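See below for start_32.csv, which holds CSV, C-alpha atoms.
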```csv
chain,number,residue,atom,x,y,z
B,1,MET,CA,88.8,86.7,-55.6
B,2,PRO,CA,91.1,88.9,-57.8
B,3,GLU,CA,92.3,87.3,-61.0
B,4,ILE,CA,95.9,86.3,-61.0
B,5,LEU,CA,97.6,87.4,-64.2
B,6,PRO,CA,100.4,85.3,-65.8
B,7,VAL,CA,103.8,87.0,-65.6
B,8,ALA,CA,104.7,88.4,-69.0
B,9,TYR,CA,107.3,90.9,-67.9
B,10,ASP,CA,110.2,90.5,-65.5
B,11,SER,CA,111.5,93.8,-64.3
B,12,LYS,CA,114.2,92.0,-62.4
B,13,ILE,CA,116.0,91.0,-65.6
B,14,GLU,CA,115.6,93.9,-68.0
B,15,GLY,CA,118.1,96.7,-67.6
B,16,ASN,CA,120.4,94.7,-65.4
B,17,VAL,CA,122.8,93.4,-68.0
B,18,ILE,CA,126.1,95.3,-67.9
B,19,PHE,CA,129.0,95.1,-70.3
B,20,THR,CA,132.4,95.6,-68.7
B,21,GLN,CA,136.0,94.3,-68.5
B,22,VAL,CA,136.7,91.3,-66.3
B,23,ASP,CA,139.4,93.3,-64.5
B,24,ALA,CA,137.0,96.1,-63.8
B,25,ALA,CA,134.4,93.7,-62.5
B,26,ILE,CA,136.8,91.8,-60.3
B,27,ASN,CA,138.2,95.1,-58.9
B,28,TRP,CA,134.7,96.4,-58.3
B,29,MET,CA,133.8,93.4,-56.3
B,30,ARG,CA,137.1,93.4,-54.4
B,31,LYS,CA,137.0,97.1,-53.5
B,32,ASN,CA,133.4,97.0,-52.2
B,33,SER,CA,133.8,94.0,-50.0
B,34,LEU,CA,137.1,94.6,-48.2
B,35,TRP,CA,137.1,92.4,-45.2
B,36,PRO,CA,139.4,93.9,-42.6
B,37,MET,CA,141.7,92.0,-40.3
B,38,PRO,CA,141.6,94.4,-37.3
B,39,MET,CA,145.1,94.4,-35.9
B,40,GLY,CA,144.3,96.7,-33.0
B,41,LEU,CA,147.3,97.2,-30.8
B,42,ALA,CA,146.8,100.5,-29.1
B,43,CYS,CA,144.5,103.6,-28.9
B,44,CYS,CA,144.1,103.6,-32.7
B,45,ALA,CA,141.9,100.5,-32.3
B,46,ILE,CA,139.4,102.6,-30.4
B,47,GLU,CA,139.0,104.9,-33.4
B,48,MET,CA,138.8,101.9,-35.6
B,49,MET,CA,136.0,100.5,-33.5
B,50,ALA,CA,134.3,103.9,-33.7
B,51,SER,CA,134.6,103.8,-37.5
B,52,ALA,CA,132.7,100.5,-37.5
B,53,CYS,CA,129.9,101.7,-35.3
B,54,ALA,CA,126.7,103.5,-36.3
B,55,ARG,CA,127.9,107.1,-36.4
B,56,PHE,CA,130.6,106.5,-39.0
B,57,ASP,CA,129.4,103.1,-40.3
B,58,LEU,CA,132.3,101.5,-42.2
B,59,SER,CA,129.8,99.1,-43.7
B,60,ARG,CA,128.8,101.9,-46.2
B,61,PHE,CA,132.1,101.0,-47.9
B,62,GLY,CA,131.7,97.2,-47.5
B,63,ALA,CA,134.4,96.9,-44.9
B,64,GLU,CA,132.3,96.1,-41.8
B,65,VAL,CA,133.2,92.4,-41.6
B,66,MET,CA,135.8,92.7,-38.8
B,67,ARG,CA,136.4,89.2,-37.6
B,68,PHE,CA,139.7,88.1,-36.0
B,69,SER,CA,140.2,85.5,-38.7
B,70,PRO,CA,143.2,86.1,-41.1
B,71,ARG,CA,142.1,83.4,-43.5
B,72,GLN,CA,138.9,85.3,-44.4
B,73,SER,CA,140.5,88.8,-44.6
B,74,ASP,CA,141.5,91.1,-47.4
B,75,VAL,CA,143.0,94.1,-45.7
B,76,MET,CA,145.0,94.3,-42.5
B,77,ILE,CA,144.5,97.5,-40.6
B,78,VAL,CA,147.5,97.8,-38.3
B,79,ALA,CA,146.1,100.2,-35.7
B,80,GLY,CA,148.5,101.1,-33.0
B,81,THR,CA,152.0,100.8,-31.6
B,82,VAL,CA,153.9,97.7,-32.9
B,83,THR,CA,156.3,96.6,-30.3
B,84,TYR,CA,159.2,94.3,-31.2
B,85,LYS,CA,157.6,91.7,-29.0
B,86,MET,CA,154.4,91.8,-31.1
B,87,ALA,CA,156.1,92.5,-34.5
B,88,LEU,CA,156.7,88.9,-35.6
B,89,ALA,CA,153.2,87.9,-34.4
B,90,VAL,CA,151.8,90.6,-36.8
B,91,LYS,CA,153.9,89.3,-39.6
B,92,ARG,CA,152.7,85.8,-38.9
B,93,ILE,CA,149.1,86.8,-39.1
B,94,TRP,CA,149.8,88.7,-42.3
B,95,ASP,CA,151.4,85.6,-43.8
B,96,GLN,CA,148.2,83.7,-42.9
B,97,MET,CA,146.0,86.0,-45.0
B,98,PRO,CA,145.3,84.8,-48.5
B,99,GLU,CA,146.1,86.8,-51.6
B,100,PRO,CA,145.0,89.3,-52.7
B,101,LYS,CA,145.7,91.3,-49.6
B,102,TRP,CA,146.4,94.9,-48.7
B,103,CYS,CA,147.7,96.7,-45.6
B,104,ILE,CA,146.7,100.0,-44.0
B,105,ALA,CA,149.1,101.5,-41.5
B,106,MET,CA,146.8,103.4,-39.3
B,107,GLY,CA,148.3,106.3,-37.2
B,108,ALA,CA,151.7,107.6,-36.5
B,109,CYS,CA,152.9,104.5,-34.6
B,110,ALA,CA,152.1,101.9,-37.2
B,111,SER,CA,153.5,104.2,-39.9
B,112,SER,CA,156.8,105.3,-38.3
B,113,GLY,CA,157.0,104.3,-34.7
B,114,GLY,CA,155.3,107.6,-33.8
B,115,MET,CA,156.4,109.2,-30.6
B,116,TYR,CA,157.9,106.0,-29.4
B,117,ARG,CA,161.5,106.4,-30.6
B,118,SER,CA,162.6,103.7,-28.2
B,119,TYR,CA,164.3,100.4,-27.8
B,120,ALA,CA,160.9,98.5,-27.6
B,121,VAL,CA,159.0,99.8,-30.6
B,122,LEU,CA,159.3,98.8,-34.3
B,123,GLN,CA,159.8,102.0,-36.2
B,124,GLY,CA,157.0,101.5,-38.7
B,125,ILE,CA,155.2,98.3,-39.8
B,126,ASP,CA,156.6,98.8,-43.3
B,127,GLN,CA,159.8,97.2,-42.1
B,128,LEU,CA,157.9,93.9,-42.1
B,129,LEU,CA,154.8,94.3,-44.4
B,130,PRO,CA,154.2,96.0,-47.7
B,131,VAL,CA,152.0,98.9,-46.7
B,132,ASP,CA,149.5,100.3,-49.2
B,133,VAL,CA,148.0,103.2,-47.3
B,134,TYR,CA,149.5,105.3,-44.5
B,135,ILE,CA,147.1,107.3,-42.3
B,136,SER,CA,148.5,110.2,-40.3
B,137,GLY,CA,147.1,111.2,-36.9
B,138,CYS,CA,147.6,110.2,-33.3
B,139,PRO,CA,145.2,108.6,-33.3
B,140,PRO,CA,143.5,109.4,-36.7
B,141,ARG,CA,139.8,110.2,-36.5
B,142,PRO,CA,137.3,107.8,-38.0
B,143,GLU,CA,137.0,110.1,-41.0
B,144,ALA,CA,140.7,109.7,-41.6
B,145,LEU,CA,140.4,105.9,-41.5
B,146,ILE,CA,137.5,106.1,-44.0
B,147,GLU,CA,139.5,108.4,-46.2
B,148,GLY,CA,142.4,105.8,-46.1
B,149,LEU,CA,140.0,103.0,-47.0
B,150,MET,CA,138.7,105.0,-49.9
B,151,LYS,CA,142.2,105.6,-51.1
B,152,LEU,CA,142.8,101.9,-50.9
B,153,GLN,CA,139.6,101.4,-52.9
B,154,GLN,CA,140.9,103.8,-55.6
B,155,LYS,CA,144.2,101.9,-55.6
B,156,ILE,CA,142.4,98.6,-56.1
B,157,THR,CA,140.5,99.9,-59.1
B,158,THR,CA,143.8,100.6,-60.9
B,159,GLU,CA,145.1,97.1,-60.4
B,160,HIS,CA,145.3,94.6,-63.3
B,161,SER,CA,143.9,91.8,-61.2
B,162,LEU,CA,143.3,89.2,-63.9
B,163,ALA,CA,146.5,89.9,-65.7
B,164,ASP,CA,148.4,89.7,-62.5
B,165,GLN,CA,146.8,86.4,-61.6
B,166,LYS,CA,147.7,85.0,-65.1
B,167,ARG,CA,151.2,86.2,-64.7
B,168,GLU,CA,151.5,84.5,-61.4
B,169,LEU,CA,150.0,81.3,-62.6
B,170,PHE,CA,151.9,80.9,-65.8
B,171,ALA,CA,155.2,82.5,-65.0
B,172,PRO,CA,158.1,80.2,-64.8
B,173,SER,CA,158.9,79.5,-61.2
B,174,THR,CA,161.8,81.5,-59.9
B,175,HIS,CA,162.5,79.1,-57.0
J,1,MET,CA,151.2,103.2,16.7
J,2,THR,CA,152.7,106.4,15.3
J,3,PRO,CA,155.3,106.2,12.6
J,4,ALA,CA,158.0,107.3,15.1
J,5,GLU,CA,157.1,104.4,17.4
J,6,ALA,CA,157.2,101.9,14.6
J,7,ILE,CA,160.6,103.1,13.5
J,8,SER,CA,162.0,103.0,17.0
J,9,VAL,CA,160.8,99.4,17.3
J,10,LEU,CA,162.6,98.6,14.0
J,11,GLU,CA,165.8,100.4,15.0
J,12,ALA,CA,165.9,98.4,18.2
J,13,LYS,CA,165.5,95.1,16.5
J,14,PHE,CA,167.4,95.6,13.2
J,15,GLN,CA,170.4,97.4,11.9
J,16,VAL,CA,169.2,100.7,10.3
J,17,VAL,CA,172.0,102.4,8.4
J,18,LYS,CA,170.3,105.7,7.8
J,19,LYS,CA,167.0,107.3,8.6
J,20,ILE,CA,165.8,110.0,6.2
J,21,GLU,CA,162.7,112.2,6.8
J,22,PHE,CA,161.6,114.4,4.0
J,23,ARG,CA,158.2,116.1,3.9
J,24,ASP,CA,156.7,113.6,6.3
J,25,GLU,CA,158.0,110.7,4.2
J,26,ILE,CA,160.1,108.3,6.2
J,27,THR,CA,162.9,106.3,4.4
J,28,LEU,CA,165.0,103.8,6.1
J,29,GLU,CA,168.3,102.6,4.6
J,30,VAL,CA,168.9,99.0,5.7
J,31,THR,CA,171.3,96.2,4.8
J,32,ARG,CA,170.6,93.5,2.3
J,33,ASP,CA,171.3,90.6,4.6
J,34,ALA,CA,168.8,91.6,7.2
J,35,PHE,CA,166.2,92.8,4.7
J,36,PRO,CA,163.9,89.8,4.3
J,37,GLU,CA,163.5,89.3,8.0
J,38,LEU,CA,162.9,93.1,8.5
J,39,ALA,CA,160.3,93.2,5.7
J,40,ALA,CA,158.5,90.3,7.1
J,41,PHE,CA,158.6,91.9,10.6
J,42,CYS,CA,157.1,95.1,9.1
J,43,LYS,CA,154.3,93.1,7.6
J,44,THR,CA,153.4,90.9,10.6
J,45,GLU,CA,154.3,93.0,13.6
J,46,LEU,CA,154.1,96.6,12.5
J,47,GLY,CA,151.0,96.5,10.3
J,48,PHE,CA,152.7,97.6,7.1
J,49,ASP,CA,151.0,94.7,5.3
J,50,TYR,CA,150.6,96.3,1.8
J,51,LEU,CA,153.6,96.3,-0.5
J,52,ILE,CA,152.8,99.1,-2.9
J,53,ASP,CA,155.8,98.8,-5.2
J,54,ILE,CA,159.3,97.5,-5.7
J,55,SER,CA,161.7,99.6,-7.8
J,56,SER,CA,165.4,99.9,-8.3
J,57,VAL,CA,167.8,102.8,-9.0
J,58,ASP,CA,170.9,102.8,-11.2
J,59,ASN,CA,173.5,105.2,-9.8
J,60,PHE,CA,175.8,104.6,-12.7
J,61,GLY,CA,179.4,105.5,-12.0
J,62,GLU,CA,179.0,105.1,-8.2
J,63,GLU,CA,179.7,102.2,-6.0
J,64,PRO,CA,177.5,100.4,-5.0
J,65,ARG,CA,175.8,100.9,-8.3
J,66,PHE,CA,172.2,99.8,-7.7
J,67,GLU,CA,169.7,100.5,-5.0
J,68,MET,CA,166.5,98.5,-4.2
J,69,VAL,CA,163.5,100.5,-3.1
J,70,TYR,CA,160.4,99.1,-1.4
J,71,GLU,CA,157.3,101.1,-0.7
J,72,LEU,CA,155.2,99.8,2.2
J,73,TYR,CA,151.9,101.0,3.4
J,74,SER,CA,149.7,100.4,6.4
J,75,PRO,CA,146.1,100.7,5.3
J,76,GLY,CA,144.8,100.6,8.9
J,77,ARG,CA,146.9,103.7,10.0
J,78,GLY,CA,147.4,105.4,6.6
J,79,GLN,CA,151.2,105.3,7.0
J,80,HIS,CA,153.8,105.0,4.4
J,81,LEU,CA,157.3,103.5,4.9
J,82,ARG,CA,160.1,103.3,2.3
J,83,LEU,CA,162.9,100.8,2.7
J,84,LYS,CA,166.1,100.9,0.7
J,85,TYR,CA,169.3,99.0,0.5
J,86,PRO,CA,172.3,99.2,-1.8
J,87,VAL,CA,173.3,96.4,-4.3
J,88,SER,CA,176.7,96.3,-5.9
J,89,GLU,CA,177.3,95.6,-9.6
J,90,ASP,CA,179.6,92.7,-9.0
J,91,ASP,CA,177.0,90.9,-6.8
J,92,ALA,CA,173.8,92.1,-8.4
J,93,THR,CA,171.5,89.9,-6.4
J,94,ALA,CA,168.8,90.6,-3.9
J,95,PRO,CA,166.7,88.4,-1.6
J,96,THR,CA,163.2,87.6,-2.9
J,97,LEU,CA,160.1,88.7,-0.9
J,98,SER,CA,157.7,86.5,-2.9
J,99,SER,CA,157.1,84.3,0.1
J,100,VAL,CA,156.1,87.3,2.2
J,101,TRP,CA,154.0,89.2,-0.3
J,102,ALA,CA,152.7,87.3,-3.4
J,103,THR,CA,152.7,90.6,-5.3
J,104,ALA,CA,156.5,90.8,-5.0
J,105,ASN,CA,156.8,88.0,-7.5
J,106,TRP,CA,155.9,90.1,-10.6
J,107,HIS,CA,157.5,93.3,-9.2
J,108,GLU,CA,160.8,91.4,-8.8
J,109,ARG,CA,160.5,90.0,-12.3
J,110,GLU,CA,160.1,93.5,-13.6
J,111,VAL,CA,163.2,94.7,-11.7
J,112,TYR,CA,165.1,91.7,-13.1
J,113,ASP,CA,163.9,92.4,-16.6
J,114,MET,CA,164.7,96.1,-16.6
J,115,MET,CA,167.7,96.4,-14.3
J,116,GLY,CA,169.2,92.9,-14.3
J,117,ILE,CA,169.2,92.4,-10.6
J,118,LYS,CA,168.7,88.7,-9.8
J,119,PHE,CA,166.5,87.6,-7.0
J,120,THR,CA,167.7,84.7,-5.0
J,121,GLY,CA,165.0,82.2,-4.0
J,122,HIS,CA,162.5,83.6,-6.5
J,123,PRO,CA,160.2,80.8,-7.7
J,124,ASP,CA,159.8,81.9,-11.3
J,125,LEU,CA,162.5,84.4,-12.3
J,126,ARG,CA,161.7,85.1,-15.9
J,127,ARG,CA,161.5,88.4,-17.9
J,128,ILE,CA,158.1,90.0,-17.7
J,129,LEU,CA,158.1,92.7,-20.4
J,130,MET,CA,160.9,91.8,-22.8
J,131,TRP,CA,161.2,88.3,-24.2
J,132,GLU,CA,163.5,85.5,-23.1
J,133,GLY,CA,166.8,85.8,-24.8
J,134,TYR,CA,166.9,89.6,-25.1
J,135,PRO,CA,170.5,90.3,-24.1
J,136,TYR,CA,170.2,93.7,-22.4
J,137,TYR,CA,168.6,95.4,-19.4
J,138,PRO,CA,167.0,98.5,-20.9
J,139,LEU,CA,166.6,100.7,-17.8
J,140,ARG,CA,170.3,100.6,-16.9
J,141,LYS,CA,171.9,104.0,-17.4
J,142,ASP,CA,174.5,102.6,-19.9
J,143,PHE,CA,171.8,101.4,-22.2
J,144,PRO,CA,170.9,103.9,-24.9
J,145,LEU,CA,167.3,105.1,-25.3
J,146,ALA,CA,167.5,104.2,-29.0
J,147,GLY,CA,168.1,100.6,-28.1
J,148,LYS,CA,170.6,98.1,-29.5
J,149,PRO,CA,170.3,95.6,-32.3
J,150,SER,CA,169.5,92.1,-31.2
J,151,ASP,CA,167.9,89.0,-32.7
J,152,VAL,CA,166.2,85.9,-31.2
J,153,PRO,CA,165.1,83.8,-34.2
J,154,GLU,CA,161.4,83.2,-34.4
J,155,VAL,CA,160.8,85.3,-31.2
J,156,ALA,CA,161.7,88.9,-31.8
J,157,PHE,CA,164.4,91.2,-33.2
J,158,THR,CA,165.3,94.8,-32.3
J,159,LYS,CA,167.0,97.6,-34.2
J,160,ALA,CA,168.4,100.9,-32.9
J,161,ALA,CA,165.7,103.6,-33.4
J,162,PRO,CA,166.6,106.9,-35.1
J,163,LEU,CA,166.5,109.6,-32.5
J,164,ALA,CA,167.0,112.7,-34.6
J,165,GLY,CA,165.9,113.7,-38.1
J,166,GLY,CA,163.5,111.9,-40.3
J,167,PRO,CA,160.4,113.0,-42.2
J,168,PHE,CA,158.3,113.9,-39.2
J,169,VAL,CA,160.7,116.3,-37.5
J,170,THR,CA,160.1,120.0,-37.9
J,171,THR,CA,162.8,122.5,-38.2
J,172,PRO,CA,163.2,124.6,-35.0
J,173,SER,CA,162.7,128.3,-35.8
J,174,CYS,CA,160.4,131.2,-34.9
J,175,ALA,CA,158.8,131.2,-38.3
J,176,THR,CA,155.3,130.0,-39.0
J,177,THR,CA,154.2,126.4,-38.7
J,178,LYS,CA,154.1,126.2,-42.5
J,179,ASP,CA,157.8,127.1,-42.7
J,180,ARG,CA,158.8,124.7,-39.9
J,181,GLU,CA,157.2,121.8,-41.6
J,182,PRO,CA,159.4,119.2,-43.4
J,183,ARG,CA,157.8,120.0,-46.8
J,184,SER,CA,159.3,123.4,-46.7
J,185,ARG,CA,162.8,121.8,-46.8
J,186,GLY,CA,161.7,120.3,-50.1
J,187,GLU,CA,161.1,116.8,-48.7
J,188,ILE,CA,158.1,115.2,-50.4
J,189,LEU,CA,156.0,113.3,-48.0
```

File written out as structure tokens:
Amino acid sequence: MPEILPVAYDSKIEGNVIFTQVDAAINWMRKNSLWPMPMGLACCAIEMMASACARFDLSRFGAEVMRFSPRQSDVMIVAGTVTYKMALAVKRIWDQMPEPKWCIAMGACASSGGMYRSYAVLQGIDQLLPVDVYISGCPPRPEALIEGLMKLQQKITTEHSLADQKRELFAPSTH
Amino acid sequence: MTPAEAISVLEAKFQVVKKIEFRDEITLEVTRDAFPELAAFCKTELGFDYLIDISSVDNFGEEPRFEMVYELYSPGRGQHLRLKYPVSEDDATAPTLSSVWATANWHEREVYDMMGIKFTGHPDLRRILMWEGYPYYPLRKDFPLAGKPSDVPEVAFTKAAPLAGGPFVTTPSCATTKDREPRSRGEIL
């Protein structure tokens, strides 16, 4: 039998201590685990599904957890034509998402109503939600969605997450 | 039974106002009062047992303003038959066919939703595309494409859509694509 040596050196600990700012650490965690709320309303949703599949693999960016559960979501991807009949339902799901949350308007319809200049279509989801990233295209290719997601990740790294939270917690109530 | 025979049977039994033949398509203009009986006869006796579609036409500015259009088909013989009758604006009602063809139920709801023609005797006359409380009938000719503002609290709201201009509209010219783009007008996107 080979002799079992006592462990004198743990390679798992050494070299894994990092000094950083809390903001940067929180932002780093947030941006690399963006759980999307897929609001697939039209053909853009097909491209969104393609982005999540093996060829484009959205999980490389930590955004593969597409579950239809607003309570566990960080970013709402509005993918498709928002009709007036659907608009308040989208708003309601957005309201159910916990802070911090972000919104991506994917494609021409979600951004501006697109080619549907009509009585039935909301002319851009930004009339109801604060949109962080607009993605052009009709529908945008998966690369464009990934580009939009990376833009959102860049935006998250510039946020003062802890400072904002403190301000929110300790600010005198305006109500 | 040839199409001509079927139509002569119909003409003998019911009042046919007008018979139009165009490119082998036969259209019969009938009256509203006799229509439910005539449609049921087409289904049970003449073999036109498939109701393809129900639609309506808005001849805005004319009287009678509306026109109901029914497309029937006989799968056994491969024959089509189109039935029409006028509906005036003052009495914008039509008899339901939902007891003859079950599919007429939703088609009639669509006509009601988009054109505002009410179907007498319909078991469930609700809007099918727009929401309950929306005050307009969008496919009428006097309804603008851009829509009109409306609001049903907690259900839906509408605004008139901009139909010209905006950041995504190019300038028409014969110059290059680059020059036609909005950014050449100095608008930052």

Compute the set of chain J residues within 10 Å of chain B, using only C-alpha atoms, and express it as a list in words.
Leu129, Met130, Trp131, Pro138, Phe143, Pro144, Leu145, Ala146, Gly147, Lys148, Pro149, Pro153, Glu154, Val155, Ala156, Phe157, Thr158, Lys159, Ala160, Ala161, Pro162, Leu163, Ala164, Gly166, Pro167 and Phe168 of chain J

Interatomic distance, CA of Val16 (chain J) to CA of Asp113 (chain J) (Å, one decimal)
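Taking CA of Val16 (chain J) and CA of Asp113 (chain J), their separation equals 28.6 Å.
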
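Nearest residue to Glu159 (chain B) among B:Met37, B:Pro100, B:Val65, B:Glu47 is B:Pro100, counting all atoms listed in the file.
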
Write out as a ChimeraX atom specification which residues come within 12 Å of Asp33 (chain J) when counting all atoms listed in the file, dropping same-chain ones fewer than 6 positions away.
/J:14-16,39,85-87,93-96,120

For Trp102 (chain B), the closest of B:Cys53, B:Leu152, B:Gly80, B:Ile26 counting only C-alpha atoms is B:Leu152

Could you give me, as an NGL selection string, the residues that sit within 6 Å of (155.6, 98.5, -3.0) in the file's coordinates, counting all atoms listed in the file?
:J and (51-54 or 70-72)

Selection near region 129-133 of chain B, 10 Å with all atoms listed in the file, sequence-local residues under 3 positions removed, as a VMD selection string:
chain B and resid 75 to 78 90 to 91 94 to 95 101 to 106 110 to 111 124 to 126 136 145 148 to 152 155

Please provide the set of residues having any atom within 7 Å of Leu34 (chain B), restricted to only C-alpha atoms, with same-chain residues fewer than 4 positions apart removed, written as number ranges by chain.
B: 30, 62-63, 74-75

Two-atom distance - CA of Glu29 (chain J), CA of Ala4 (chain J) (Å):
15.4 Å

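The space between CA of Gly121 (chain J) and CA of Thr27 (chain J) spans 25.6 Å.
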
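Residue neighbourhood of Met66 (chain B), excluding near-sequence residues (fewer than 2 positions): B:Trp35, B:Pro36, B:Met37, B:Pro38, B:Glu64, B:Phe68, at 7 Å, using only C-alpha atoms.
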
Would you please work out which residue, of J:Glu21, J:Lys141, J:Thr2, J:Lys43, is nearest to Glu62 (chain J) when using all atoms listed in the file?
J:Lys141

Name all residues at most 12 Å from Met68 (chain J) (count only C-alpha atoms; drop same-chain ones fewer than 5 positions away) and give them as a CSV table (one decimal) with C-alpha atoms, in the frame of the given file.
```csv
chain,number,residue,atom,x,y,z
J,28,LEU,CA,165.0,103.8,6.1
J,29,GLU,CA,168.3,102.6,4.6
J,30,VAL,CA,168.9,99.0,5.7
J,31,THR,CA,171.3,96.2,4.8
J,32,ARG,CA,170.6,93.5,2.3
J,35,PHE,CA,166.2,92.8,4.7
J,53,ASP,CA,155.8,98.8,-5.2
J,54,ILE,CA,159.3,97.5,-5.7
J,55,SER,CA,161.7,99.6,-7.8
J,56,SER,CA,165.4,99.9,-8.3
J,57,VAL,CA,167.8,102.8,-9.0
J,58,ASP,CA,170.9,102.8,-11.2
J,59,ASN,CA,173.5,105.2,-9.8
J,82,ARG,CA,160.1,103.3,2.3
J,83,LEU,CA,162.9,100.8,2.7
J,84,LYS,CA,166.1,100.9,0.7
J,85,TYR,CA,169.3,99.0,0.5
J,86,PRO,CA,172.3,99.2,-1.8
J,87,VAL,CA,173.3,96.4,-4.3
J,88,SER,CA,176.7,96.3,-5.9
J,92,ALA,CA,173.8,92.1,-8.4
J,93,THR,CA,171.5,89.9,-6.4
J,94,ALA,CA,168.8,90.6,-3.9
J,95,PRO,CA,166.7,88.4,-1.6
J,96,THR,CA,163.2,87.6,-2.9
J,107,HIS,CA,157.5,93.3,-9.2
J,108,GLU,CA,160.8,91.4,-8.8
J,111,VAL,CA,163.2,94.7,-11.7
J,112,TYR,CA,165.1,91.7,-13.1
J,115,MET,CA,167.7,96.4,-14.3
J,116,GLY,CA,169.2,92.9,-14.3
J,117,ILE,CA,169.2,92.4,-10.6
J,118,LYS,CA,168.7,88.7,-9.8
J,119,PHE,CA,166.5,87.6,-7.0
```
